[in-house]
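Take a look at the structure set out below.
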Amino acid sequence: MAADDHDDDDDLEDEFAAFEREAKAAAAAAMSGMAAGAKAKDEEKPVEQAEEPAPVEDVEEDDEEDEFAAFEREAKAAAATAMGSMGGGASGGEAKASDNTKAEDAPSEAATPEGASPEDNAAPVDRDKLAKEAALAAAAGKVAAKSEEIFGTNAGAKSQTILVVGGGIAGVTAAIEAAETGYDVVLLEKGPALGGRVTMINRYFPKMCHPNCGLEINYQRIRKNPRVKIITMAEVTDVTGTMGDFTVSVTRQPSYVSGLCDGCGQCAEASESKVSNDYNYGMDEVKAAHLPHEHAFPMQYVIHPSVKGTPEEEKITASCAKGAIDFTMEEESFELNAGAIIWATGWKPYNPSKLDVYSYDMSPDIINNVEMERLSAHDGPTEGKIVRPSDGEPAKRVALIQCAGSRDINHLAYCSMICCLASLKHAAYIREQYEDAEVDIYYIDIRAHDKMSQFYERVRRDEAINFIKSKPGHIKLGEDGKPVVCGELTIDREIYQNPYDLVVLATGMESSLSPDFAPAGMVRDDYGFVIDSDGHYAAGTAGGPFDVALSTQSATAAALKAIQAVNGRGLE
């Protein structure tokens, strides 16, 4: 996949490299033509001098135009001139010939008829053409210099392939941004489909729109770009080497379904056993042969390994008319070479079981914020109905507890940025479903950054949503089995014991990478998040808590850093 492995005539050669090659040929032709016509037959006649072309350097550029736009404009204009002149009959042939023939190998007198002087045989000189070619050569030099200034010299970078680890919104964004600038990208995803936790969100704040709208746009970009290679069910196990020449060890788990799968669903109909549904955080079950979710990309089924070796294996295999079921698949390991690595490994919710005082494991009616998101979704365990998981009754009195484990030196010492806003969204979900519902939000302080403060103000105007300044001390179960939130009001110092149908713990975000994962060159902070270092770059929540918008911005930044890395920045 390294760029230096491509032929000069490879279809994937970008327009700037093609232009550079053609410009050099044109310049060589110009020099050859000038030498041949120095003593032209019509030298006695006054020759009208071609108008001296204005040096490219003297062209006045708009002060507002950035260097990338200027670079692109000059390159395209010069390339168009080169294409026109080189495609124009004999002149194009002369350019190619002069490029491929050494001057010292050319015969000096063999082509001159007897009795004729070399001057009599000289070809007429097209001085306008020569002037244009000279200007073109000057432009080529400027473009080459500008390319080196912007992208680097490629010194020491043995591979220009960019590896993106993680196929969530940040990984997808980084991959397609790098690929659309002309770089080969390998995108590894641990699960069976792209999208990550964004696909598991019911709606975005503040507009409350469905997240798959934005994801589908990026999927379309991937489908149209042959430079992106997607490998699902894959995980990085080790990295060796340095920036410009990484060797990455990868392990891939079997899905038991090949690329022939067209998503028809016959295997799911033949499947009988059920397994825990990871997509809904184990809140329901799904058939052993199943589609990861309704917007899965790639749109292919996967089969749980528990089926292998059972009678159900034969039924599922026989159900597929395409022959896409393959239970001979095994775990496989392989290596990749990359010049830069973008870590877009995402986040995981802090484990609420560690919060003993909040009794998460004692009642199904005490859930965390990501489970609330699935409970509210139309493709969730209750088809979008916000109910008590214990008995399916409507949840009309709900408590949302902020900073459940966050800003706590015993758990997560930092703020996870999105928890307050997510709880505001959850309050809105509940009020949309039940006009007579009442929601209490227990908070230390509400953190709604920048424009999100408008979303906060909108929710606050709902009189059925109460903001209680307090961090609850503990949750107990009442005689009727309902959770009871207990604590002390921060301002009034009053003790409370409030029963609820449903309690939602706003747990924070922590790095999804194992604490023991430390490949060569990777640097991580005190909380396990990735810090940019030579050749390693963090995208999205791999680098710390972010919302979706900031994750995509950081992913674009990571793509630009990776592009600089594979072009030799820091290796000169």
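Labels used: A, B, ... for chains in the order of the structure tokens, numbers from 1 for residues in each chain, and numbers from 1 for ligands as shown.
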Could you build a table of the residues in segment 202-230 of chain A lying no more than 12 Å from segment 551-564 of chain A, giving for each the nearest pair of atoms and their separation in Å rounded to one decimal place, using only C-alpha atoms, ordered by chain and ascending residue number, as CSV?
```
residue,atom,partner,partner_atom,distance
A:Gly214,CA,A:Thr552,CA,10.8
A:Leu215,CA,A:Thr552,CA,11.2
A:Asn218,CA,A:Thr552,CA,11.3
```
Write the residues of the selection above to a file with N, CA and C atoms, as a PDB file, in the first residue's frame.
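What follows is the written file part08.pdb:
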```
ATOM      1  N   GLY A 214     -26.342  11.783   9.819  1.00  0.00           N
ATOM      2  CA  GLY A 214     -24.951  12.168   9.593  1.00  0.00           C
ATOM      3  C   GLY A 214     -24.071  10.998   9.225  1.00  0.00           C
ATOM      4  N   LEU A 215     -24.315   9.841   9.821  1.00  0.00           N
ATOM      5  CA  LEU A 215     -23.500   8.672   9.515  1.00  0.00           C
ATOM      6  C   LEU A 215     -23.689   8.216   8.073  1.00  0.00           C
ATOM      7  N   ASN A 218     -21.525   9.946   5.544  1.00  0.00           N
ATOM      8  CA  ASN A 218     -20.146   9.465   5.537  1.00  0.00           C
ATOM      9  C   ASN A 218     -20.031   8.081   4.916  1.00  0.00           C
TER      10      ASN A 218
END
```
Go through segment 235-275 of chain A residue by residue and, counting only C-alpha atoms, keep those with an atom at most 6 Å from segment 284-305 of chain A; for each kept residue give the shortest atom pair and its distance in Å to one decimal, ordered by chain and increasing number, as a Markdown table.
```
| residue | atom | partner | partner_atom | distance |
| --- | --- | --- | --- | --- |
| A:Ser255 | CA | A:Val302 | CA | 5.1 |
| A:Tyr256 | CA | A:Ile303 | CA | 6.0 |
| A:Cys261 | CA | A:Gln300 | CA | 5.8 |
| A:Gly263 | CA | A:Gln300 | CA | 5.2 |
| A:Ala268 | CA | A:Ala289 | CA | 4.8 |
| A:Ser271 | CA | A:Ala289 | CA | 5.9 |
| A:Ser273 | CA | A:Ala288 | CA | 5.8 |
| A:Lys274 | CA | A:Lys287 | CA | 4.3 |
| A:Val275 | CA | A:Glu285 | CA | 5.4 |
```
Write out the residues from the selection above, keeping C-alpha atoms, as a PDB file, in the first residue's frame.
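Listed below is the output, result02.pdb:
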```
ATOM      1  CA  SER A 255     -18.193 -13.592  11.807  1.00  0.00           C
ATOM      2  CA  TYR A 256     -18.992 -16.893  10.005  1.00  0.00           C
ATOM      3  CA  CYS A 261     -23.971 -11.783   2.237  1.00  0.00           C
ATOM      4  CA  GLY A 263     -28.559  -8.953   4.043  1.00  0.00           C
ATOM      5  CA  ALA A 268     -31.903 -15.222  11.067  1.00  0.00           C
ATOM      6  CA  SER A 271     -31.763 -19.475  13.660  1.00  0.00           C
ATOM      7  CA  SER A 273     -31.242 -19.882  19.793  1.00  0.00           C
ATOM      8  CA  LYS A 274     -30.942 -16.421  21.303  1.00  0.00           C
ATOM      9  CA  VAL A 275     -28.019 -14.532  22.834  1.00  0.00           C
TER      10      VAL A 275
END
```
Fill in: Those of segment 159-376 of chain A in DSSP alpha helix (DSSP H), formatted as JSON, numbers by chain
{"A": [169, 170, 171, 172, 173, 174, 175, 176, 177, 178, 179, 212, 213, 214, 215, 216, 217, 218, 219, 220, 221, 222, 223, 266, 267, 268, 269, 270, 311, 312, 313, 314, 315, 316, 317, 318, 319, 369, 370, 371, 372, 373, 374, 375]}
Convert the current residue selection to file output with N, CA and C atoms, as a compact mmCIF listing (two decimals), in the first residue's frame.
```
# COMPACT_ATOMS: atom_id res chain seq x y z
N ILE A 169 -17.83 7.41 14.86
CA ILE A 169 -17.97 8.64 14.09
C ILE A 169 -16.62 9.32 13.88
N ALA A 170 -15.74 9.28 14.88
CA ALA A 170 -14.42 9.90 14.74
C ALA A 170 -13.56 9.12 13.75
N GLY A 171 -13.54 7.79 13.86
CA GLY A 171 -12.73 6.98 12.96
C GLY A 171 -13.20 7.08 11.52
N VAL A 172 -14.50 7.05 11.31
CA VAL A 172 -15.05 7.18 9.95
C VAL A 172 -14.69 8.54 9.37
N THR A 173 -14.82 9.59 10.18
CA THR A 173 -14.48 10.93 9.70
C THR A 173 -13.02 11.05 9.34
N ALA A 174 -12.14 10.59 10.22
CA ALA A 174 -10.70 10.66 9.95
C ALA A 174 -10.33 9.88 8.70
N ALA A 175 -10.90 8.69 8.55
CA ALA A 175 -10.58 7.84 7.40
C ALA A 175 -10.98 8.49 6.08
N ILE A 176 -12.20 9.01 6.02
CA ILE A 176 -12.66 9.55 4.74
C ILE A 176 -11.99 10.88 4.43
N GLU A 177 -11.66 11.68 5.46
CA GLU A 177 -10.97 12.95 5.21
C GLU A 177 -9.58 12.68 4.65
N ALA A 178 -8.87 11.70 5.20
CA ALA A 178 -7.53 11.38 4.69
C ALA A 178 -7.61 10.78 3.29
N ALA A 179 -8.57 9.89 3.06
CA ALA A 179 -8.69 9.24 1.75
C ALA A 179 -9.05 10.23 0.66
N ASN A 212 -28.23 8.73 12.65
CA ASN A 212 -27.86 8.02 11.44
C ASN A 212 -27.93 8.88 10.18
N CYS A 213 -28.54 10.04 10.30
CA CYS A 213 -28.53 10.96 9.15
C CYS A 213 -27.09 11.34 8.81
N GLY A 214 -26.34 11.78 9.82
CA GLY A 214 -24.95 12.17 9.59
C GLY A 214 -24.07 11.00 9.23
N LEU A 215 -24.31 9.84 9.82
CA LEU A 215 -23.50 8.67 9.52
C LEU A 215 -23.69 8.22 8.07
N GLU A 216 -24.91 8.24 7.58
CA GLU A 216 -25.18 7.75 6.23
C GLU A 216 -24.44 8.60 5.19
N ILE A 217 -24.31 9.89 5.42
CA ILE A 217 -23.57 10.75 4.50
C ILE A 217 -22.12 10.27 4.39
N ASN A 218 -21.52 9.95 5.54
CA ASN A 218 -20.15 9.47 5.54
C ASN A 218 -20.03 8.08 4.92
N TYR A 219 -21.03 7.24 5.11
CA TYR A 219 -21.01 5.92 4.48
C TYR A 219 -21.03 6.05 2.96
N GLN A 220 -21.80 7.00 2.46
CA GLN A 220 -21.84 7.23 1.02
C GLN A 220 -20.48 7.66 0.50
N ARG A 221 -19.79 8.49 1.27
CA ARG A 221 -18.45 8.94 0.87
C ARG A 221 -17.49 7.76 0.83
N ILE A 222 -17.62 6.85 1.79
CA ILE A 222 -16.75 5.67 1.82
C ILE A 222 -17.02 4.78 0.62
N ARG A 223 -18.30 4.58 0.28
CA ARG A 223 -18.65 3.71 -0.86
C ARG A 223 -18.03 4.23 -2.16
N GLN A 266 -32.34 -14.59 5.72
CA GLN A 266 -32.79 -15.99 5.77
C GLN A 266 -32.10 -16.75 6.91
N CYS A 267 -30.85 -16.41 7.18
CA CYS A 267 -30.13 -17.09 8.26
C CYS A 267 -30.77 -16.81 9.61
N ALA A 268 -31.25 -15.57 9.81
CA ALA A 268 -31.90 -15.22 11.07
C ALA A 268 -33.22 -15.99 11.23
N GLU A 269 -33.94 -16.17 10.13
CA GLU A 269 -35.19 -16.93 10.20
C GLU A 269 -34.93 -18.39 10.55
N ALA A 270 -33.80 -18.94 10.09
CA ALA A 270 -33.48 -20.33 10.38
C ALA A 270 -32.90 -20.51 11.78
N PRO A 311 -26.54 -28.63 15.90
CA PRO A 311 -27.46 -28.88 14.78
C PRO A 311 -27.95 -27.59 14.12
N GLU A 312 -27.98 -26.51 14.90
CA GLU A 312 -28.44 -25.23 14.36
C GLU A 312 -27.49 -24.72 13.28
N GLU A 313 -26.22 -25.08 13.38
CA GLU A 313 -25.24 -24.68 12.36
C GLU A 313 -25.67 -25.17 10.99
N GLU A 314 -26.11 -26.40 10.89
CA GLU A 314 -26.52 -26.96 9.61
C GLU A 314 -27.75 -26.26 9.06
N LYS A 315 -28.71 -25.94 9.93
CA LYS A 315 -29.93 -25.26 9.47
C LYS A 315 -29.60 -23.86 8.93
N ILE A 316 -28.73 -23.16 9.64
CA ILE A 316 -28.37 -21.81 9.20
C ILE A 316 -27.60 -21.86 7.89
N THR A 317 -26.69 -22.81 7.77
CA THR A 317 -25.90 -22.94 6.54
C THR A 317 -26.81 -23.24 5.35
N ALA A 318 -27.75 -24.15 5.53
CA ALA A 318 -28.64 -24.55 4.45
C ALA A 318 -29.60 -23.42 4.03
N SER A 319 -29.85 -22.48 4.93
CA SER A 319 -30.82 -21.40 4.64
C SER A 319 -30.30 -20.36 3.67
N ASN A 369 -27.04 6.05 31.93
CA ASN A 369 -27.50 6.96 30.86
C ASN A 369 -27.47 6.33 29.47
N VAL A 370 -26.51 5.45 29.18
CA VAL A 370 -26.51 4.83 27.85
C VAL A 370 -27.65 3.83 27.71
N GLU A 371 -28.03 3.18 28.80
CA GLU A 371 -29.18 2.27 28.77
C GLU A 371 -30.48 3.07 28.60
N MET A 372 -30.53 4.24 29.17
CA MET A 372 -31.70 5.11 28.98
C MET A 372 -31.83 5.51 27.51
N GLU A 373 -30.70 5.70 26.85
CA GLU A 373 -30.72 6.06 25.43
C GLU A 373 -31.35 4.94 24.59
N ARG A 374 -31.00 3.70 24.90
CA ARG A 374 -31.58 2.57 24.18
C ARG A 374 -33.04 2.34 24.56
N LEU A 375 -33.37 2.58 25.82
CA LEU A 375 -34.76 2.43 26.26
C LEU A 375 -35.68 3.39 25.51
```
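With only C-alpha atoms as the atoms that count, the minimum distance from Glu180 of chain A to the choices A:Arg197, A:Arg227, A:Arg461, A:Arg431 is reached by A:Arg227.
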Worksheet item: Counting only C-alpha atoms, which of A:Leu477, A:Val257, A:Ala549, A:Leu502 gets nearest to Gly323 of chain A?
Response: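 Of A:Leu477, A:Val257, A:Ala549, A:Leu502, the one nearest Gly323 of chain A, counting only C-alpha atoms, is A:Val257.
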Item to complete: Return as a ChimeraX atom specification the full set of residues in segment 232-419 of chain A whose backbone-based DSSP assignment is strand (DSSP E).
Response: /A:234-242,245-252,274-276,285-287,289-290,302-303,332-338,340-343,347-349,366-368,397-404
Fill in: Gap from atom CA of Asp391 of chain A to atom CA of Met283 of chain A - Å, one decimal
13.4 Å
Item to complete: Compare A:Tyr442, A:Tyr360, A:Tyr279, A:Tyr456 by their minimum atom-to-atom distance to Gly487 of chain A, counting only C-alpha atoms, and give me the closest one.
Response: A:Tyr442
Discussion item. For a quick check of understanding, using only C-alpha atoms, which of A:Val236, A:Ile367, A:Val387, A:Ala340 has the smallest distance to Tyr281 of chain A?
Written reply: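 Answer, going by the shortest atom-to-atom distance: A:Ile367.
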Worksheet item: Can you list, as a PyMOL selection string, every protein, DNA or RNA residue that comes within 10 Å of Arg458 of chain A when you count only C-alpha atoms, leaving out same-chain residues fewer than 5 positions away?
Response: chain A and resi 206+424+428+452-453
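Omitting Leu355 of chain A and its sequence neighbours fewer than 3 positions away, and counting only C-alpha atoms, the residues within 7 Å are Pro352, Tyr358 and Gly405 of chain A.
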Worksheet item: Interatomic distance between atom CA of Glu494 of chain A and atom CA of Leu421 of chain A?
Response: 26.8 Å
Item to complete: Counting only C-alpha atoms, figure out which residue out of A:Ala324, A:Ile201, A:Ala193, A:Ile531 gets nearest to Ser258 of chain A.
Response: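 With only C-alpha atoms as the atom set, the closest residue is A:Ala324.
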